[in-house]
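The structure file target-v4.cif is reproduced below (mmCIF, C-alpha atoms).
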```cif
data_run
loop_
_atom_site.label_atom_id
_atom_site.label_comp_id
_atom_site.auth_asym_id
_atom_site.auth_seq_id
_atom_site.Cartn_x
_atom_site.Cartn_y
_atom_site.Cartn_z
CA MET A 1 -27.78 62.35 194.89
CA PRO A 2 -29.03 62.61 191.30
CA GLY A 3 -31.89 64.96 190.47
CA PRO A 4 -35.15 64.22 188.62
CA LEU A 5 -33.59 64.94 185.22
CA GLU A 6 -30.77 62.45 185.82
CA TYR A 7 -33.25 59.84 187.03
CA GLY A 8 -35.35 60.50 183.90
CA ILE A 9 -32.39 60.01 181.55
CA TRP A 10 -31.42 56.86 183.43
CA LEU A 11 -34.96 55.47 183.12
CA ILE A 12 -35.10 56.21 179.37
CA CYS A 13 -31.70 54.58 178.87
CA THR A 14 -32.76 51.47 180.80
CA LEU A 15 -36.00 51.18 178.84
CA LEU A 16 -34.09 51.53 175.56
CA GLU A 17 -31.72 48.74 176.61
CA GLY A 18 -34.68 46.48 177.23
CA ALA A 19 -36.24 47.63 173.93
CA VAL A 20 -33.19 46.42 171.97
CA VAL A 21 -33.68 42.86 173.21
CA VAL A 22 -37.44 43.00 172.60
CA CYS A 23 -36.99 44.37 169.06
CA ALA A 24 -34.33 41.74 168.29
CA ILE A 25 -36.62 38.94 169.46
CA ARG A 26 -39.50 40.44 167.46
CA SER A 27 -37.40 40.56 164.28
CA HIS A 28 -36.08 37.01 164.88
CA SER A 29 -32.50 38.31 165.21
CA PHE A 30 -31.76 37.45 168.81
CA ARG A 31 -29.58 34.44 168.08
CA ARG A 32 -27.94 35.97 165.02
CA TYR A 33 -26.65 38.91 167.10
CA ILE A 34 -26.43 36.93 170.32
CA PHE A 35 -23.59 38.86 171.99
CA LEU A 36 -25.13 42.24 171.13
CA ASN A 37 -28.37 41.16 172.74
CA LEU A 38 -26.67 39.56 175.74
CA TYR A 39 -24.77 42.81 176.27
CA MET A 40 -28.00 44.82 176.15
CA ALA A 41 -29.80 42.37 178.46
CA LEU A 42 -26.86 42.59 180.88
CA SER A 43 -26.95 46.42 180.66
CA PHE A 44 -30.64 46.36 181.53
CA LEU A 45 -30.09 44.09 184.53
CA VAL A 46 -27.09 46.12 185.72
CA SER A 47 -29.14 49.34 185.47
CA VAL A 48 -31.85 47.85 187.67
CA ALA A 49 -29.28 46.52 190.15
CA ARG A 50 -27.48 49.89 190.24
CA PHE A 51 -30.78 51.60 191.03
CA GLN A 52 -31.39 49.18 193.89
CA VAL A 53 -27.89 49.77 195.29
CA LEU A 54 -28.24 53.55 194.95
CA ARG A 55 -31.63 53.50 196.64
CA HIS A 56 -30.34 51.35 199.48
CA TYR A 57 -26.93 52.91 200.14
CA GLY A 58 -27.17 56.35 198.51
CA MET A 59 -24.22 57.90 196.64
CA SER A 60 -21.77 56.04 198.90
CA SER A 61 -18.61 54.02 198.36
CA GLU A 62 -20.78 50.86 198.14
CA TYR A 63 -22.54 52.32 195.11
CA ALA A 64 -19.22 53.48 193.63
CA TYR A 65 -17.66 50.02 193.95
CA PHE A 66 -20.71 48.33 192.50
CA TYR A 67 -20.79 50.88 189.69
CA TYR A 68 -17.16 50.38 188.63
CA TYR A 69 -17.17 46.58 188.97
CA SER A 70 -20.35 46.33 186.88
CA ASP A 71 -18.89 48.82 184.41
CA ALA A 72 -15.88 46.53 183.86
CA LEU A 73 -18.25 43.61 183.29
CA LEU A 74 -20.30 45.63 180.80
CA THR A 75 -17.22 46.80 178.90
CA ILE A 76 -16.13 43.17 178.48
CA GLY A 77 -19.67 42.46 177.22
CA LEU A 78 -19.38 45.33 174.77
CA TYR A 79 -16.05 43.94 173.56
CA PHE A 80 -17.71 40.60 172.75
CA ALA A 81 -20.62 42.41 171.06
CA LEU A 82 -18.08 44.13 168.83
CA LEU A 83 -16.46 40.78 168.04
CA ASN A 84 -19.91 39.49 167.10
CA LEU A 85 -20.04 42.22 164.45
CA TYR A 86 -16.53 41.30 163.29
CA SER A 87 -17.60 37.69 162.78
CA HIS A 88 -20.55 38.85 160.64
CA VAL A 89 -18.42 41.13 158.47
CA PHE A 90 -15.78 38.44 157.88
CA ASP A 91 -18.12 35.42 157.76
CA GLU A 92 -17.56 34.79 154.04
CA MET A 93 -13.78 34.72 154.43
CA LYS A 94 -13.92 31.76 156.85
CA VAL A 95 -11.56 33.32 159.36
CA GLU A 96 -13.58 32.67 162.54
CA HIS A 97 -10.74 30.69 164.11
CA TYR A 98 -8.25 33.50 163.57
CA LEU A 99 -10.75 36.06 164.86
CA ARG A 100 -11.19 34.06 168.04
CA VAL A 101 -7.43 33.74 168.55
CA GLY A 102 -6.94 37.46 167.90
CA ALA A 103 -9.78 38.41 170.26
CA ILE A 104 -8.44 36.27 173.11
CA LEU A 105 -4.91 37.62 172.55
CA LEU A 106 -6.15 41.19 172.56
CA LEU A 107 -8.28 40.72 175.68
CA GLY A 108 -5.39 38.95 177.43
CA GLY A 109 -2.97 41.67 176.35
CA THR A 110 -5.28 44.41 177.62
CA ALA A 111 -5.73 42.60 180.95
CA TRP A 112 -1.97 42.17 181.27
CA PHE A 113 -1.36 45.85 180.47
CA SER A 114 -4.01 46.90 183.02
CA TYR A 115 -2.42 44.69 185.68
CA ALA A 116 1.03 46.07 184.87
CA VAL A 117 -0.29 49.61 185.41
CA VAL A 118 -1.97 48.92 188.77
CA GLN A 119 0.36 46.29 190.30
CA GLN A 120 2.34 48.97 192.17
CA SER A 121 -0.68 49.90 194.25
CA SER A 122 -1.07 47.08 196.77
CA HIS A 123 -4.08 48.95 198.18
CA ARG A 124 -7.35 47.69 196.60
CA LEU A 125 -5.56 46.02 193.71
CA PHE A 126 -8.65 44.31 192.31
CA SER A 127 -10.73 47.49 192.31
CA HIS A 128 -7.99 49.41 190.53
CA PHE A 129 -7.61 46.56 188.06
CA ALA A 130 -11.35 46.46 187.25
CA TYR A 131 -11.39 50.22 186.68
CA GLU A 132 -8.22 50.21 184.57
CA LEU A 133 -9.37 47.24 182.48
CA SER A 134 -12.68 48.96 181.77
CA GLN A 135 -10.98 52.15 180.60
CA ASN A 136 -8.36 50.29 178.54
CA LEU A 137 -10.97 48.12 176.85
CA TYR A 138 -12.82 51.28 175.87
CA PHE A 139 -9.80 52.44 173.85
CA VAL A 140 -9.33 48.96 172.36
CA GLY A 141 -13.01 49.00 171.36
CA LEU A 142 -12.60 52.44 169.82
CA VAL A 143 -9.67 51.31 167.65
CA LEU A 144 -11.43 48.04 166.72
CA THR A 145 -14.59 49.89 165.68
CA TYR A 146 -12.69 52.20 163.34
CA ALA A 147 -10.78 49.20 161.95
CA LEU A 148 -14.08 47.42 161.36
CA TRP A 149 -15.49 50.44 159.56
CA GLY A 150 -12.38 50.46 157.38
CA ALA A 151 -12.95 46.76 156.60
CA ILE A 152 -16.61 47.45 155.73
CA LEU A 153 -15.56 50.12 153.26
CA LYS A 154 -12.81 47.96 151.80
CA LEU A 155 -15.01 44.87 151.44
CA ARG A 156 -17.89 46.97 150.07
CA GLU A 157 -20.28 45.57 152.61
CA THR A 158 -23.89 46.11 151.57
CA ARG A 159 -25.91 44.68 154.49
CA ALA A 160 -27.73 47.76 155.77
CA ARG A 161 -28.44 46.42 159.26
CA LEU A 162 -24.84 45.39 159.86
CA ILE A 163 -23.58 48.76 158.62
CA GLN A 164 -25.98 50.64 160.90
CA LEU A 165 -25.03 48.54 163.92
CA VAL A 166 -21.33 49.26 163.34
CA LEU A 167 -21.92 52.95 162.66
CA ALA A 168 -23.96 53.30 165.85
CA LEU A 169 -21.07 51.78 167.77
CA GLY A 170 -18.64 54.20 166.09
CA VAL A 171 -20.82 57.20 166.99
CA TYR A 172 -21.13 55.89 170.56
CA PHE A 173 -17.38 55.52 171.11
CA SER A 174 -16.58 58.79 169.34
CA SER A 175 -19.13 60.77 171.33
CA PHE A 176 -17.59 59.59 174.60
CA ALA A 177 -14.19 60.72 173.34
CA ALA A 178 -15.63 64.14 172.38
CA ASN A 179 -17.39 64.38 175.76
CA TYR A 180 -14.13 63.61 177.57
CA ALA A 181 -12.37 66.35 175.61
CA LEU A 182 -15.16 68.84 176.40
CA GLN A 183 -15.07 67.92 180.08
CA ASN A 184 -11.39 68.72 180.17
CA LEU A 185 -11.82 71.97 178.26
CA TYR A 186 -14.78 73.25 180.30
CA ARG A 187 -14.30 71.76 183.75
CA GLY A 188 -16.82 74.00 185.47
CA ALA A 189 -19.68 73.48 182.99
CA GLY A 190 -22.58 71.94 184.94
CA VAL A 191 -24.49 70.92 181.83
CA LEU A 192 -21.82 68.36 180.96
CA ARG A 193 -22.83 66.12 183.87
CA PHE A 194 -26.07 65.39 182.00
CA VAL A 195 -24.25 64.68 178.76
CA THR A 196 -22.48 61.47 179.88
CA PRO A 197 -25.70 59.60 180.82
CA LEU A 198 -27.36 60.98 177.67
CA LEU A 199 -24.56 59.51 175.58
CA GLY A 200 -25.32 56.16 177.18
CA CYS A 201 -28.71 56.28 175.43
CA ILE A 202 -27.20 56.60 171.93
CA LEU A 203 -26.26 52.97 171.47
CA PRO A 204 -29.48 51.30 172.72
CA ALA A 205 -31.61 53.84 170.82
CA ALA A 206 -29.73 53.27 167.54
CA TRP A 207 -29.68 49.49 167.91
CA ALA A 208 -33.36 49.33 168.87
CA TYR A 209 -34.24 51.44 165.81
CA CYS A 210 -32.03 49.24 163.64
CA PHE A 211 -33.68 45.99 164.78
CA LEU A 212 -37.12 47.55 164.49
CA ARG A 213 -36.89 49.33 161.13
CA VAL A 214 -34.03 47.80 159.11
CA SER A 215 -34.63 44.28 157.92
CA GLU A 216 -31.87 41.69 157.65
CA GLU A 217 -32.38 41.52 153.86
CA ALA A 218 -32.04 45.28 153.28
CA ARG A 219 -29.02 46.20 151.16
CA LEU A 220 -27.19 49.47 150.52
CA ALA A 221 -25.63 50.35 147.19
CA PRO A 222 -21.81 50.27 147.54
CA SER A 223 -21.56 53.74 145.97
CA ARG A 224 -23.33 55.14 149.02
CA LEU A 225 -20.55 53.96 151.29
CA ALA A 226 -17.50 55.18 149.40
CA ALA A 227 -16.84 57.31 146.37
CA VAL A 228 -15.55 55.06 143.60
CA PRO A 229 -12.92 56.65 141.32
CA ARG A 230 -14.04 56.53 137.68
CA MET B 1 1.83 29.62 160.31
CA SER B 2 2.20 33.02 158.70
CA ARG B 3 -1.53 33.63 159.14
CA LYS B 4 -1.24 32.98 162.86
CA LEU B 5 1.70 35.35 163.10
CA THR B 6 -0.31 37.98 161.22
CA VAL B 7 -3.14 37.60 163.77
CA VAL B 8 -0.68 38.03 166.66
CA LEU B 9 0.88 41.04 164.96
CA LEU B 10 -2.52 42.66 164.30
CA ALA B 11 -3.66 42.08 167.89
CA MET B 12 -0.48 43.63 169.23
CA LEU B 13 -0.80 46.54 166.80
CA VAL B 14 -4.35 47.26 167.98
CA LEU B 15 -3.24 47.02 171.62
CA VAL B 16 -0.29 49.37 171.12
CA THR B 17 -2.44 51.88 169.19
CA ALA B 18 -5.19 51.81 171.82
CA MET B 19 -2.82 52.18 174.76
CA SER B 20 -0.91 55.00 173.02
CA LEU B 21 -4.22 56.75 172.39
CA LYS B 22 -5.19 56.29 176.02
CA THR B 23 -1.87 57.57 177.30
CA ALA B 24 -2.13 60.64 175.05
CA ALA B 25 -5.72 61.34 176.16
CA VAL B 26 -5.30 60.70 179.88
CA THR B 27 -1.99 62.59 180.19
CA HIS B 28 -3.73 65.82 179.22
CA GLY B 29 -6.93 64.98 181.09
CA ASP B 30 -8.01 65.52 184.69
CA GLY B 31 -8.16 61.81 185.49
CA SER B 32 -11.94 61.57 185.13
CA VAL B 33 -13.68 58.52 183.67
CA VAL B 34 -13.53 58.39 179.87
CA MET B 35 -16.40 56.01 179.28
CA ALA B 36 -19.32 54.73 181.31
CA ASN B 37 -21.82 52.08 180.31
CA GLY B 38 -25.49 52.87 180.73
CA GLY B 39 -27.27 55.97 181.98
CA ALA B 40 -26.67 55.56 185.72
CA PRO B 41 -25.22 58.57 187.56
CA GLN B 42 -21.48 58.28 187.71
CA PRO B 43 -19.99 58.25 191.22
CA PRO B 44 -16.51 59.60 191.99
CA VAL B 45 -13.78 56.95 192.01
CA PRO B 46 -13.98 55.70 195.63
CA TRP B 47 -10.37 54.71 196.25
CA LYS B 48 -9.05 58.20 195.64
CA ASN B 49 -10.17 59.14 199.15
CA GLY B 50 -9.20 55.94 200.89
CA GLY B 51 -12.53 54.28 200.30
CA ALA B 52 -14.40 56.01 203.11
CA PRO B 53 -17.53 57.96 202.14
CA GLN B 54 -16.55 61.53 201.47
CA PRO B 55 -18.28 63.89 203.93
CA PRO B 56 -19.52 67.30 202.78
CA VAL B 57 -17.11 70.16 203.40
CA PRO B 58 -18.30 71.53 206.79
CA TRP B 59 -17.72 75.21 206.14
CA LYS B 60 -19.98 75.17 203.14
CA ASN B 61 -23.01 74.34 205.29
CA GLY B 62 -25.59 77.02 205.62
CA GLY B 63 -26.71 79.49 203.03
CA ALA B 64 -25.52 82.64 204.75
CA PRO B 65 -23.31 84.90 202.65
CA GLN B 66 -19.68 84.69 203.60
CA PRO B 67 -18.43 87.93 205.18
CA PRO B 68 -15.09 89.44 204.19
CA VAL B 69 -12.14 88.63 206.43
CA PRO B 70 -12.21 91.45 209.07
CA TRP B 71 -8.47 91.88 209.62
CA LYS B 72 -7.79 92.97 206.06
#
```
Using the file provided, produce a representation of the structure as structure tokens.
Amino acid sequence: MPGPLEYGIWLICTLLEGAVVVCAIRSHSFRRYIFLNLYMALSFLVSVARFQVLRHYGMSSEYAYFYYYSDALLTIGLYFALLNLYSHVFDEMKVEHYLRVGAILLLGGTAWFSYAVVQQSSHRLFSHFAYELSQNLYFVGLVLTYALWGAILKLRETRARLIQLVLALGVYFSSFAANYALQNLYRGAGVLRFVTPLLGCILPAAWAYCFLRVSEEARLAPSRLAAVPR
Amino acid sequence: MSRKLTVVLLAMLVLVTAMSLKTAAVTHGDGSVVMANGGAPQPPVPWKNGGAPQPPVPWKNGGAPQPPVPWK
């Protein structure tokens, strides 16, 4: 069972997830970033539900199944949140239709790949599939985030809020990759078990700050994003 | 038409890159979870042990120091 420190981190993370939605509503940005906010609202609800399941069943297989099924659901939500950012970056190019087609193709391709990996195991096929899809979508999200950052630099995007939302997502994905590498390097390090839930707080904290402090009209000078050759 | 093909090509390119990255990362890893949403404590993957709740290892119970094996 988790200790007081883990419960504390979990509580902070859950409160931050709720804070993102509250800050977005307060800054009249809920509908503009609808998928981001739906993802955060879903994360908040899943956190509460996970707590109820953990309290009722303990660290059992019931909790584990609920955890991994809800994780797959949340990763799909995160994928749509990322696509929401894509649609904002490319909104002036009028390519929404192509973005939608590409997003559906990519999600379908990832689901197909995940099924192809787990189809050999007839035992608990759906559970394996949910877990595999969640992990595969994480890597797809990682690649898409870096591609989006490349597009922001190339298009000389100046909307400060949009840039901060994308950067927060980049830091979030990258920190999980770094944490995974550290876990494999130092397998016995006990401190690392606190790091994974702490990393979960990065994204809601950054997005809540962004909705609270950075206005939609704020602009960054392009020279601050990339060095321009003279 | 060419725009649609470009979209398909880009989607496939992202998928191939992501899956190659995953294969490279997981091959050298210990099979643990790469990413987890939220701050909830992460349980072990349940189906690795047949789904049944994993009991504690019985010979670890008790805090008494383990004596050396006498026949050595």
- Interface list for chain A, partner chain B, 8 Å threshold, all atoms listed in the file, as a count of residues only: 51
- Query: Residues around (-18.9, 40.4, 156.0), cut-off 9 Å, counting all atoms listed in the file - what are they as a list in words?
  - Reply: Leu85, Tyr86, Ser87, His88, Val89, Phe90, Asp91, Glu92, Met93, Ala151, Ile152, Leu155, Arg156, Glu157, Thr158, Arg159 and Leu162 of chain A
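Between Val46 (chain A) and the residues A:Leu148, A:Leu169, A:Ala72, A:Leu212, the shortest atom-to-atom distance, using all atoms listed in the file, involves A:Ala72.
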- Go ahead and compute the interatomic distance for CA of Tyr209 (chain A) and CA of Val22 (chain A), in Å to one decimal. 11.3 Å
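Between CA of Ser134 (chain A) and CA of Arg55 (chain A) the separation is 24.5 Å.
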- Task: Find, counting only C-alpha atoms, the residue in A:Tyr115, A:Ala206, A:Leu83, A:Val191 that gets nearest to Tyr172 (chain A).
- Result: A:Ala206
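Taking CA of Met1 (chain A) and CA of Leu15 (chain A) as the two end points, the separation is 21.2 Å.
Put simply, the PyMOL selection byres ((chain A and resi 80) around 10) in this file takes in Ile34, Phe35, Leu36, Leu38, Tyr39, Leu74, Thr75, Ile76, Gly77, Leu78, Tyr79, Ala81, Leu82, Leu83, Asn84, Leu85, Tyr86, Ala103, Leu107 and Gly141 of chain A.
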